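Next up, model28.pdb (PDB, C-alpha atoms, pLDDT in the B column):
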```
MODEL        1
ATOM      1  CA  MET A  11       7.120  14.739  -3.503  1.00 89.00           C
ATOM      2  CA  PRO A  12       3.949  16.579  -4.474  1.00 95.00           C
ATOM      3  CA  ILE A  13       1.346  14.711  -6.491  1.00 96.00           C
ATOM      4  CA  SER A  14      -0.566  17.405  -8.330  1.00 94.00           C
ATOM      5  CA  GLY A  15       0.052  19.913  -5.553  1.00 94.00           C
ATOM      6  CA  ARG A  16      -0.433  17.618  -2.531  1.00 95.00           C
ATOM      7  CA  PRO A  17       2.266  15.507  -0.856  1.00 96.00           C
ATOM      8  CA  LEU A  18       2.336  11.829  -1.750  1.00 96.00           C
ATOM      9  CA  LEU A  19       1.795  10.791   1.875  1.00 96.00           C
ATOM     10  CA  ALA A  20      -1.187  13.138   2.092  1.00 96.00           C
ATOM     11  CA  ARG A  21      -2.720  11.436  -0.946  1.00 96.00           C
ATOM     12  CA  VAL A  22      -2.362   8.038   0.735  1.00 96.00           C
ATOM     13  CA  LEU A  23      -3.937   9.315   3.957  1.00 96.00           C
ATOM     14  CA  ASP A  24      -6.736  11.037   2.030  1.00 94.00           C
ATOM     15  CA  ARG A  25      -7.660   7.738   0.394  1.00 93.00           C
ATOM     16  CA  LEU A  26      -7.766   5.917   3.739  1.00 95.00           C
ATOM     17  CA  ARG A  27      -9.910   8.461   5.596  1.00 93.00           C
ATOM     18  CA  PRO A  28     -13.265   6.819   4.696  1.00 92.00           C
ATOM     19  CA  VAL A  29     -12.400   3.780   6.821  1.00 92.00           C
ATOM     20  CA  GLU A  30     -10.596   5.619   9.613  1.00 90.00           C
ATOM     21  CA  ASP A  31     -13.464   5.153  12.074  1.00 89.00           C
ATOM     22  CA  GLU A  32     -13.242   1.376  11.626  1.00 88.00           C
ATOM     23  CA  PHE A  33      -9.473   1.090  11.323  1.00 88.00           C
ATOM     24  CA  PRO A  34      -7.294   3.694  13.101  1.00 93.00           C
ATOM     25  CA  ILE A  35      -4.479   4.877  10.850  1.00 95.00           C
ATOM     26  CA  PHE A  36      -0.836   4.686  11.918  1.00 96.00           C
ATOM     27  CA  VAL A  37       2.206   5.922  10.051  1.00 97.00           C
ATOM     28  CA  ALA A  38       5.089   3.620  10.989  1.00 96.00           C
ATOM     29  CA  THR A  39       8.314   5.298   9.936  1.00 96.00           C
ATOM     30  CA  SER A  40      11.922   4.993  10.985  1.00 96.00           C
ATOM     31  CA  GLU A  41      13.842   6.691  13.777  1.00 96.00           C
ATOM     32  CA  ARG A  42      16.217   8.393  11.314  1.00 96.00           C
ATOM     33  CA  PRO A  43      16.351  12.207  11.446  1.00 96.00           C
ATOM     34  CA  VAL A  44      15.798  12.225   7.669  1.00 96.00           C
ATOM     35  CA  ASP A  45      12.297  10.867   8.350  1.00 96.00           C
ATOM     36  CA  ASP A  46      11.395  13.631  10.799  1.00 97.00           C
ATOM     37  CA  PRO A  47       9.376  15.438   8.082  1.00 96.00           C
ATOM     38  CA  ILE A  48       7.254  12.290   7.636  1.00 96.00           C
ATOM     39  CA  ALA A  49       6.522  12.120  11.352  1.00 97.00           C
ATOM     40  CA  ASP A  50       5.849  15.860  11.566  1.00 97.00           C
ATOM     41  CA  PHE A  51       3.487  15.823   8.598  1.00 96.00           C
ATOM     42  CA  ALA A  52       1.546  12.795   9.866  1.00 96.00           C
ATOM     43  CA  THR A  53       1.135  14.507  13.233  1.00 97.00           C
ATOM     44  CA  GLN A  54      -0.141  17.640  11.497  1.00 96.00           C
ATOM     45  CA  GLN A  55      -2.693  15.423   9.748  1.00 95.00           C
ATOM     46  CA  ASN A  56      -3.855  14.053  13.135  1.00 95.00           C
ATOM     47  CA  VAL A  57      -2.476  10.601  12.370  1.00 96.00           C
ATOM     48  CA  THR A  58      -0.694   8.597  15.058  1.00 96.00           C
ATOM     49  CA  VAL A  59       3.005   8.099  14.360  1.00 97.00           C
ATOM     50  CA  PHE A  60       5.149   5.160  15.424  1.00 97.00           C
ATOM     51  CA  ARG A  61       8.906   5.273  14.940  1.00 97.00           C
ATOM     52  CA  GLY A  62      11.118   2.203  14.938  1.00 95.00           C
ATOM     53  CA  ALA A  63      13.963   0.384  13.239  1.00 93.00           C
ATOM     54  CA  THR A  64      15.096   1.607   9.832  1.00 93.00           C
ATOM     55  CA  ASP A  65      15.848  -1.695   8.089  1.00 90.00           C
ATOM     56  CA  ASP A  66      13.876  -4.088  10.277  1.00 94.00           C
ATOM     57  CA  VAL A  67      10.463  -3.084   8.960  1.00 94.00           C
ATOM     58  CA  ALA A  68       8.886  -6.315  10.197  1.00 95.00           C
ATOM     59  CA  GLY A  69      10.097  -5.517  13.693  1.00 95.00           C
ATOM     60  CA  ARG A  70       8.899  -1.936  13.377  1.00 96.00           C
ATOM     61  CA  ILE A  71       5.384  -2.947  12.330  1.00 96.00           C
ATOM     62  CA  LEU A  72       5.213  -5.612  15.031  1.00 96.00           C
ATOM     63  CA  ALA A  73       6.340  -3.122  17.683  1.00 96.00           C
ATOM     64  CA  CYS A  74       3.708  -0.642  16.480  1.00 96.00           C
ATOM     65  CA  ALA A  75       0.987  -3.296  16.705  1.00 96.00           C
ATOM     66  CA  ARG A  76       2.044  -4.309  20.194  1.00 96.00           C
ATOM     67  CA  ALA A  77       2.313  -0.722  21.389  1.00 96.00           C
ATOM     68  CA  HIS A  78      -1.299  -0.097  20.398  1.00 95.00           C
ATOM     69  CA  ASP A  79      -2.750  -3.523  21.299  1.00 95.00           C
ATOM     70  CA  ILE A  80      -3.579  -4.328  17.667  1.00 94.00           C
ATOM     71  CA  THR A  81      -4.576  -7.942  17.032  1.00 94.00           C
ATOM     72  CA  ARG A  82      -4.623  -7.607  13.223  1.00 95.00           C
ATOM     73  CA  LEU A  83      -3.266  -4.942  10.949  1.00 94.00           C
ATOM     74  CA  VAL A  84      -4.021  -3.791   7.421  1.00 95.00           C
ATOM     75  CA  ARG A  85      -0.718  -3.050   5.729  1.00 95.00           C
ATOM     76  CA  VAL A  86      -0.500  -0.544   2.886  1.00 94.00           C
ATOM     77  CA  SER A  87       2.544   1.240   1.487  1.00 93.00           C
ATOM     78  CA  GLY A  88       3.287   4.937   1.536  1.00 93.00           C
ATOM     79  CA  ASP A  89       3.903   5.056  -2.217  1.00 94.00           C
ATOM     80  CA  SER A  90       0.285   4.209  -3.130  1.00 96.00           C
ATOM     81  CA  PRO A  91      -1.649   7.473  -3.666  1.00 96.00           C
ATOM     82  CA  PHE A  92      -4.702   5.715  -5.137  1.00 96.00           C
ATOM     83  CA  MET A  93      -5.212   3.089  -2.458  1.00 95.00           C
ATOM     84  CA  ASP A  94      -8.829   1.939  -2.417  1.00 94.00           C
ATOM     85  CA  PRO A  95     -10.454   2.150   1.046  1.00 93.00           C
ATOM     86  CA  MET A  96     -13.178  -0.323   0.146  1.00 93.00           C
ATOM     87  CA  LEU A  97     -10.528  -2.856  -0.834  1.00 94.00           C
ATOM     88  CA  CYS A  98      -8.988  -2.460   2.619  1.00 95.00           C
ATOM     89  CA  ARG A  99     -12.424  -3.013   4.135  1.00 95.00           C
ATOM     90  CA  GLU A 100     -13.068  -6.124   2.009  1.00 95.00           C
ATOM     91  CA  LEU A 101      -9.799  -7.808   2.963  1.00 96.00           C
ATOM     92  CA  ALA A 102     -10.186  -6.870   6.622  1.00 95.00           C
ATOM     93  CA  ALA A 103     -13.686  -8.369   6.648  1.00 95.00           C
ATOM     94  CA  ALA A 104     -12.337 -11.553   5.050  1.00 95.00           C
ATOM     95  CA  HIS A 105      -9.624 -11.777   7.690  1.00 96.00           C
ATOM     96  CA  ILE A 106     -12.133 -11.263  10.498  1.00 94.00           C
ATOM     97  CA  ALA A 107     -14.511 -13.868   9.070  1.00 94.00           C
ATOM     98  CA  GLY A 108     -11.848 -16.477   8.351  1.00 92.00           C
ATOM     99  CA  GLU A 109      -9.106 -18.188  10.273  1.00 86.00           C
ATOM    100  CA  GLU A 110      -6.175 -17.334   8.007  1.00 95.00           C
ATOM    101  CA  ASP A 111      -2.979 -15.775   9.280  1.00 97.00           C
ATOM    102  CA  LEU A 112      -2.749 -13.567   6.206  1.00 98.00           C
ATOM    103  CA  VAL A 113      -5.318 -12.306   3.712  1.00 98.00           C
ATOM    104  CA  THR A 114      -3.666 -10.707   0.703  1.00 97.00           C
ATOM    105  CA  ASN A 115      -4.278  -9.501  -2.835  1.00 96.00           C
ATOM    106  CA  VAL A 116      -0.701  -9.880  -4.051  1.00 95.00           C
ATOM    107  CA  SER A 117      -0.127 -13.642  -4.166  1.00 91.00           C
ATOM    108  CA  PRO A 118      -0.776 -14.072  -7.013  1.00 92.00           C
ATOM    109  CA  ARG A 119      -1.175 -10.453  -8.045  1.00 95.00           C
ATOM    110  CA  SER A 120      -4.262  -9.493 -10.005  1.00 96.00           C
ATOM    111  CA  TYR A 121      -4.731  -5.914  -8.744  1.00 97.00           C
ATOM    112  CA  PRO A 122      -2.520  -3.082 -10.034  1.00 96.00           C
ATOM    113  CA  LYS A 123       0.760  -2.318  -8.313  1.00 96.00           C
ATOM    114  CA  GLY A 124      -0.128   0.418  -5.849  1.00 96.00           C
ATOM    115  CA  LEU A 125      -3.248  -1.360  -4.628  1.00 97.00           C
ATOM    116  CA  SER A 126      -1.439  -3.973  -2.534  1.00 96.00           C
ATOM    117  CA  VAL A 127      -3.248  -4.795   0.708  1.00 96.00           C
ATOM    118  CA  GLU A 128      -2.189  -7.352   3.289  1.00 97.00           C
ATOM    119  CA  VAL A 129      -4.150  -8.112   6.457  1.00 97.00           C
ATOM    120  CA  VAL A 130      -2.085 -10.090   8.941  1.00 97.00           C
ATOM    121  CA  SER A 131      -2.640 -11.138  12.524  1.00 97.00           C
ATOM    122  CA  THR A 132      -0.144  -9.817  15.047  1.00 97.00           C
ATOM    123  CA  THR A 133       0.528 -13.329  16.341  1.00 97.00           C
ATOM    124  CA  ALA A 134       1.357 -14.592  12.845  1.00 97.00           C
ATOM    125  CA  LEU A 135       3.614 -11.607  12.196  1.00 97.00           C
ATOM    126  CA  ALA A 136       5.391 -12.291  15.482  1.00 97.00           C
ATOM    127  CA  ARG A 137       5.981 -15.926  14.460  1.00 97.00           C
ATOM    128  CA  ALA A 138       7.303 -14.820  11.090  1.00 96.00           C
ATOM    129  CA  ALA A 139       9.592 -12.165  12.557  1.00 96.00           C
ATOM    130  CA  ALA A 140      11.028 -14.635  15.055  1.00 96.00           C
ATOM    131  CA  ALA A 141      11.888 -17.059  12.239  1.00 96.00           C
ATOM    132  CA  MET A 142      13.352 -14.544   9.774  1.00 94.00           C
ATOM    133  CA  GLN A 143      17.108 -14.781   9.256  1.00 90.00           C
ATOM    134  CA  ASP A 144      17.530 -12.797   6.046  1.00 91.00           C
ATOM    135  CA  THR A 145      17.750  -9.007   6.319  1.00 92.00           C
ATOM    136  CA  SER A 146      15.747  -8.731   3.090  1.00 93.00           C
ATOM    137  CA  ASP A 147      12.859 -10.602   4.701  1.00 92.00           C
ATOM    138  CA  ARG A 148      12.895  -8.225   7.647  1.00 93.00           C
ATOM    139  CA  GLU A 149      12.913  -5.250   5.294  1.00 92.00           C
ATOM    140  CA  HIS A 150      10.044  -6.464   3.079  1.00 92.00           C
ATOM    141  CA  VAL A 151       7.993  -8.090   5.886  1.00 94.00           C
ATOM    142  CA  THR A 152       5.784 -10.662   4.156  1.00 95.00           C
ATOM    143  CA  PRO A 153       7.874 -12.565   1.534  1.00 95.00           C
ATOM    144  CA  PHE A 154       8.957 -14.986   4.262  1.00 96.00           C
ATOM    145  CA  MET A 155       5.317 -15.879   4.902  1.00 97.00           C
ATOM    146  CA  TYR A 156       4.620 -16.484   1.206  1.00 96.00           C
ATOM    147  CA  ARG A 157       7.657 -18.763   0.941  1.00 95.00           C
ATOM    148  CA  HIS A 158       6.513 -20.849   3.906  1.00 96.00           C
ATOM    149  CA  PRO A 159       2.867 -21.808   3.336  1.00 94.00           C
ATOM    150  CA  GLU A 160       3.473 -24.799   5.603  1.00 95.00           C
ATOM    151  CA  MET A 161       3.858 -22.378   8.508  1.00 96.00           C
ATOM    152  CA  PHE A 162       1.108 -19.865   7.689  1.00 97.00           C
ATOM    153  CA  SER A 163      -2.446 -20.046   6.395  1.00 97.00           C
ATOM    154  CA  ILE A 164      -2.818 -17.588   3.519  1.00 97.00           C
ATOM    155  CA  ARG A 165      -5.844 -16.587   1.454  1.00 96.00           C
ATOM    156  CA  ASN A 166      -5.606 -14.594  -1.748  1.00 96.00           C
ATOM    157  CA  HIS A 167      -8.280 -12.061  -2.679  1.00 95.00           C
ATOM    158  CA  PRO A 168      -8.388 -11.884  -6.509  1.00 95.00           C
ATOM    159  CA  ALA A 169      -9.533  -8.910  -8.536  1.00 95.00           C
ATOM    160  CA  PRO A 170     -12.658  -9.163 -10.725  1.00 92.00           C
ATOM    161  CA  ASN A 171     -10.356  -8.665 -13.717  1.00 92.00           C
ATOM    162  CA  ASP A 172      -6.618  -9.170 -14.020  1.00 95.00           C
ATOM    163  CA  ASP A 173      -5.180  -5.640 -13.951  1.00 96.00           C
ATOM    164  CA  SER A 174      -1.738  -6.663 -12.734  1.00 95.00           C
ATOM    165  CA  ASP A 175      -0.153  -4.968 -15.758  1.00 95.00           C
ATOM    166  CA  VAL A 176      -1.287  -1.554 -14.479  1.00 96.00           C
ATOM    167  CA  THR A 177       0.956   0.541 -12.222  1.00 96.00           C
ATOM    168  CA  LEU A 178      -0.518   2.986  -9.698  1.00 97.00           C
ATOM    169  CA  THR A 179       2.428   3.085  -7.329  1.00 96.00           C
ATOM    170  CA  VAL A 180       5.078   5.831  -7.393  1.00 97.00           C
ATOM    171  CA  ASP A 181       8.573   4.389  -7.699  1.00 95.00           C
ATOM    172  CA  THR A 182      10.006   6.210 -10.727  1.00 95.00           C
ATOM    173  CA  PRO A 183       9.774   9.640 -12.416  1.00 95.00           C
ATOM    174  CA  HIS A 184       7.492   8.008 -15.016  1.00 94.00           C
ATOM    175  CA  ASP A 185       5.222   6.755 -12.226  1.00 96.00           C
ATOM    176  CA  HIS A 186       5.222  10.226 -10.691  1.00 97.00           C
ATOM    177  CA  ALA A 187       4.136  11.855 -13.934  1.00 97.00           C
ATOM    178  CA  ARG A 188       1.315   9.326 -14.325  1.00 97.00           C
ATOM    179  CA  ALA A 189       0.170   9.815 -10.727  1.00 97.00           C
ATOM    180  CA  CYS A 190       0.115  13.604 -11.121  1.00 97.00           C
ATOM    181  CA  ALA A 191      -2.038  13.322 -14.245  1.00 97.00           C
ATOM    182  CA  ILE A 192      -4.512  10.964 -12.546  1.00 97.00           C
ATOM    183  CA  ALA A 193      -4.657  13.044  -9.355  1.00 96.00           C
ATOM    184  CA  ALA A 194      -5.349  16.199 -11.368  1.00 95.00           C
ATOM    185  CA  GLN A 195      -8.316  14.482 -13.029  1.00 94.00           C
ATOM    186  CA  LEU A 196      -9.619  13.255  -9.668  1.00 93.00           C
ATOM    187  CA  ASP A 197      -9.262  16.702  -8.125  1.00 91.00           C
ATOM    188  CA  ALA A 198     -11.154  18.253 -11.024  1.00 89.00           C
ATOM    189  CA  HIS A 199     -14.039  15.870 -10.365  1.00 81.00           C
ATOM    190  CA  LYS A 200     -13.846  16.189  -6.560  1.00 77.00           C
ATOM    191  CA  GLY A 201     -12.307  12.725  -6.317  1.00 67.00           C
ATOM    192  CA  MET A 202     -15.550  10.989  -7.308  1.00 71.00           C
ATOM    193  CA  ALA A 203     -14.163   8.116  -9.355  1.00 84.00           C
ATOM    194  CA  SER A 204     -14.385   4.365  -9.022  1.00 89.00           C
ATOM    195  CA  LEU A 205     -11.396   2.069  -8.894  1.00 91.00           C
ATOM    196  CA  GLU A 206     -12.239   1.004 -12.447  1.00 93.00           C
ATOM    197  CA  ASP A 207     -12.152   4.665 -13.514  1.00 94.00           C
ATOM    198  CA  ILE A 208      -8.717   5.156 -11.967  1.00 95.00           C
ATOM    199  CA  ILE A 209      -7.372   2.028 -13.657  1.00 96.00           C
ATOM    200  CA  GLY A 210      -8.801   3.315 -16.938  1.00 96.00           C
ATOM    201  CA  MET A 211      -7.055   6.667 -16.436  1.00 96.00           C
ATOM    202  CA  ALA A 212      -3.743   4.864 -15.856  1.00 97.00           C
ATOM    203  CA  ARG A 213      -4.153   2.760 -18.989  1.00 96.00           C
ATOM    204  CA  ALA A 214      -5.083   5.805 -21.083  1.00 96.00           C
ATOM    205  CA  TRP A 215      -2.097   7.788 -19.779  1.00 96.00           C
ATOM    206  CA  ASP A 216       0.279   4.929 -20.505  1.00 95.00           C
ATOM    207  CA  ARG A 217      -1.060   4.495 -24.049  1.00 93.00           C
ATOM    208  CA  GLU A 218      -0.746   8.195 -24.765  1.00 92.00           C
ATOM    209  CA  ASN A 219       2.766   8.483 -23.379  1.00 90.00           C
ATOM    210  CA  ILE A 220       4.038   5.294 -24.975  1.00 77.00           C
ATOM    211  CA  ASN A 221       2.760   6.589 -28.304  1.00 64.00           C
ATOM    212  CA  ALA A 222       4.395   9.963 -27.661  1.00 57.00           C
ATOM    213  CA  ALA A 223       7.691   8.270 -26.850  1.00 48.00           C
ATOM    214  CA  ARG A 224       7.488   6.247 -30.058  1.00 46.00           C
ATOM    215  CA  ALA A 225       6.806   9.419 -32.046  1.00 42.00           C
ATOM    216  CA  ASP A 226       9.862  11.088 -30.496  1.00 47.00           C
ATOM    217  CA  THR A 227      11.985   8.078 -31.410  1.00 43.00           C
ATOM    218  CA  HIS A 228      10.854   8.252 -35.048  1.00 41.00           C
ATOM    219  CA  ASP A 229      11.599  11.984 -35.136  1.00 47.00           C
TER     220      ASP A 229
ENDMDL
END
```

Conversion result in C-alpha cells:
Amino acid sequence: MPISGRPLLARVLDRLRPVEDEFPIFVATSERPVDDPIADFATQQNVTVFRGATDDVAGRILACARAHDITRLVRVSGDSPFMDPMLCRELAAAHIAGEEDLVTNVSPRSYPKGLSVEVVSTTALARAAAAMQDTSDREHVTPFMYRHPEMFSIRNHPAPNDDSDVTLTVDTPHDHARACAIAAQLDAHKGMASLEDIIGMARAWDRENINAARADTHD
C-alpha cells in the first residue's frame, strides 16, 4: 500500500539507506507467486532479495544469512515505515561489543511499535531454529529465544523514555492513516526529523483523531 504516495516497503528501505554501507540490506520474502511484486520492487530498488519458506520465517532468515555468509543480522519488519537507522546502528554496535546471542529493544518494550530491532547471531538463530517445535515460533522467529533465557544470552536496549504506548507500525487502516499523515509531514520537511519528532507527530495525530471520533459519537 502507498504511504503518502510511496509504497510501504519503499519507506522502510528509505529509512535504512543511511546505514547501508555498514549493513547490506536484504529483503527476505517468501517463494509464493503473490510475493513476486515484493521481490520485483526490491530488485528495482537495488536491494538483494532472498526467497524462502512462507511460514517458516526463522528458517527463511537463517537460510538467507547462510547464503550470504552473515554472522549476525539486524532484523526489522517490513511494516515499519519510520524505522530509525541510528537505532539499528546502536543495537548492532552493542551486539558487536558484547557477547550476547541477541540484543533487542522489545523485551521489555519501551520503544514504539514499529521501531522493533533485534540483532541476533547466526549461530544462535540456528540453535533456536533447531529446537523450535511450534509452527508459531517458526513464523515469529524470536519468541522461542525470549521464552528460553537459560539457552540464550539476551540484552535489552531500553529507550530514553517509555514510548511503548505509541504505534508507528502499519497493521490496520487506522495505522495506515496515521502513517500517511506522518509521512506527508516528513516529506514536506525533506525528511529532516528526529525520532522524538516522529513520536510527537504520532501522539498528536492520535489525540486529534481520538477527539474527532468522540465528537462523531456525541453527534

d(atom CA of Arg85 of chain A, atom CA of Lys200 of chain A) in Å: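 If I compute the distance from atom CA of Arg85 of chain A to atom CA of Lys200 of chain A, I get 26.3 Å.
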
Just the number, please: distance in Å from atom CA of Arg148 of chain A to atom CA of Ala107 of chain A, one decimal. 28.0 Å

Starting from the PyMOL selection byres ((chain A and resi 78) around 12), expand the selection into actual residues of this file and give them as a list in words.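 Taken over the shown coordinates, the PyMOL selection byres ((chain A and resi 78) around 12) returns Pro34, Ile35, Phe36, Ala38, Thr58, Val59, Phe60, Ile71, Leu72, Ala73, Cys74, Ala75, Arg76, Ala77, Asp79, Ile80, Thr81, Arg82, Leu83 and Thr132 of chain A.
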
Determine the residue membership of the PyMOL selection byres ((chain A and resi 87) around 10) for the file above and supply it as number ranges by chain. A: 19, 22, 37, 85-86, 88-91, 93, 124-128, 179

Closest of A:Glu109, A:Asp45, A:Asp94, A:Asp216 to Arg27 of chain A - atom-to-atom distances counting all atoms listed in the file: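 Once distances to Arg27 of chain A are computed over all atoms listed in the file, the minimum belongs to A:Asp94.
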
Could you tell me how far atom CA of Ile192 of chain A lies from atom CA of Pro170 of chain A, in Å and to one decimal?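 Computing it gives 21.8 Å between the two atoms.
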
Mind giving me the axis-aligned box for segment 210-220 of chain A with 8 Å on every side, centre plus edges in Å to one decimal, as JSON?
```
{"center_x": -2.4, "center_y": 5.6, "center_z": -20.4, "size_x": 28.8, "size_y": 21.7, "size_z": 25.1}
```

Pull out every residue that the PyMOL selection byres ((chain A and resi 138) around 10) matches in the shown coordinates and put them as a tab-separated table (two decimals) with C-alpha atoms, in the coordinates of the input.
```tsv
chain	number	residue	atom	x	y	z
A	68	ALA	CA	8.89	-6.32	10.20
A	132	THR	CA	-0.14	-9.82	15.05
A	133	THR	CA	0.53	-13.33	16.34
A	134	ALA	CA	1.36	-14.59	12.84
A	135	LEU	CA	3.61	-11.61	12.20
A	136	ALA	CA	5.39	-12.29	15.48
A	137	ARG	CA	5.98	-15.93	14.46
A	139	ALA	CA	9.59	-12.16	12.56
A	140	ALA	CA	11.03	-14.64	15.06
A	141	ALA	CA	11.89	-17.06	12.24
A	142	MET	CA	13.35	-14.54	9.77
A	143	GLN	CA	17.11	-14.78	9.26
A	147	ASP	CA	12.86	-10.60	4.70
A	148	ARG	CA	12.90	-8.22	7.65
A	151	VAL	CA	7.99	-8.09	5.89
A	152	THR	CA	5.78	-10.66	4.16
A	153	PRO	CA	7.87	-12.56	1.53
A	154	PHE	CA	8.96	-14.99	4.26
A	155	MET	CA	5.32	-15.88	4.90
A	158	HIS	CA	6.51	-20.85	3.91
A	161	MET	CA	3.86	-22.38	8.51
A	162	PHE	CA	1.11	-19.86	7.69
```

Would you mind completing segment 33-45 of chain A so that it carries N, CA, C and O atoms, and writing it out as a short mmCIF file (atom, residue, chain, number, x, y, z; two decimals), keeping the file's coordinate frame?
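In the end it all went to out-v8.cif:
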```cif
data_model
loop_
_atom_site.label_atom_id
_atom_site.label_comp_id
_atom_site.auth_asym_id
_atom_site.auth_seq_id
_atom_site.Cartn_x
_atom_site.Cartn_y
_atom_site.Cartn_z
N PHE A 33 -10.86 1.51 11.22
CA PHE A 33 -9.47 1.09 11.32
C PHE A 33 -8.59 2.32 11.58
O PHE A 33 -8.30 3.07 10.65
N PRO A 34 -8.17 2.55 12.83
CA PRO A 34 -7.29 3.69 13.10
C PRO A 34 -6.04 3.64 12.22
O PRO A 34 -5.51 2.55 11.96
N ILE A 35 -5.62 4.79 11.75
CA ILE A 35 -4.48 4.88 10.85
C ILE A 35 -3.21 5.17 11.64
O ILE A 35 -3.20 6.05 12.51
N PHE A 36 -2.15 4.44 11.33
CA PHE A 36 -0.84 4.69 11.92
C PHE A 36 0.17 4.85 10.79
O PHE A 36 0.13 4.11 9.81
N VAL A 37 1.07 5.80 10.95
CA VAL A 37 2.21 5.92 10.05
C VAL A 37 3.41 5.39 10.81
O VAL A 37 3.83 5.95 11.82
N ALA A 38 3.95 4.26 10.33
CA ALA A 38 5.09 3.62 10.99
C ALA A 38 6.34 3.92 10.18
O ALA A 38 6.59 3.31 9.15
N THR A 39 7.11 4.90 10.65
CA THR A 39 8.31 5.30 9.94
C THR A 39 9.54 5.01 10.80
O THR A 39 9.43 4.48 11.91
N SER A 40 10.69 5.35 10.28
CA SER A 40 11.92 4.99 10.98
C SER A 40 12.31 6.07 12.00
O SER A 40 11.73 7.16 12.05
N GLU A 41 13.34 5.76 12.77
CA GLU A 41 13.84 6.69 13.78
C GLU A 41 14.87 7.65 13.20
O GLU A 41 15.37 8.53 13.91
N ARG A 42 15.19 7.54 11.92
CA ARG A 42 16.22 8.39 11.31
C ARG A 42 15.77 9.85 11.29
O ARG A 42 14.60 10.15 11.00
N PRO A 43 16.69 10.78 11.54
CA PRO A 43 16.35 12.21 11.45
C PRO A 43 15.81 12.59 10.07
O PRO A 43 14.96 13.48 9.97
N VAL A 44 16.26 11.89 9.01
CA VAL A 44 15.80 12.22 7.67
C VAL A 44 14.30 11.97 7.54
O VAL A 44 13.64 12.55 6.65
N ASP A 45 13.73 11.14 8.40
CA ASP A 45 12.30 10.87 8.35
C ASP A 45 11.49 11.73 9.30
O ASP A 45 10.27 11.53 9.44
#
```
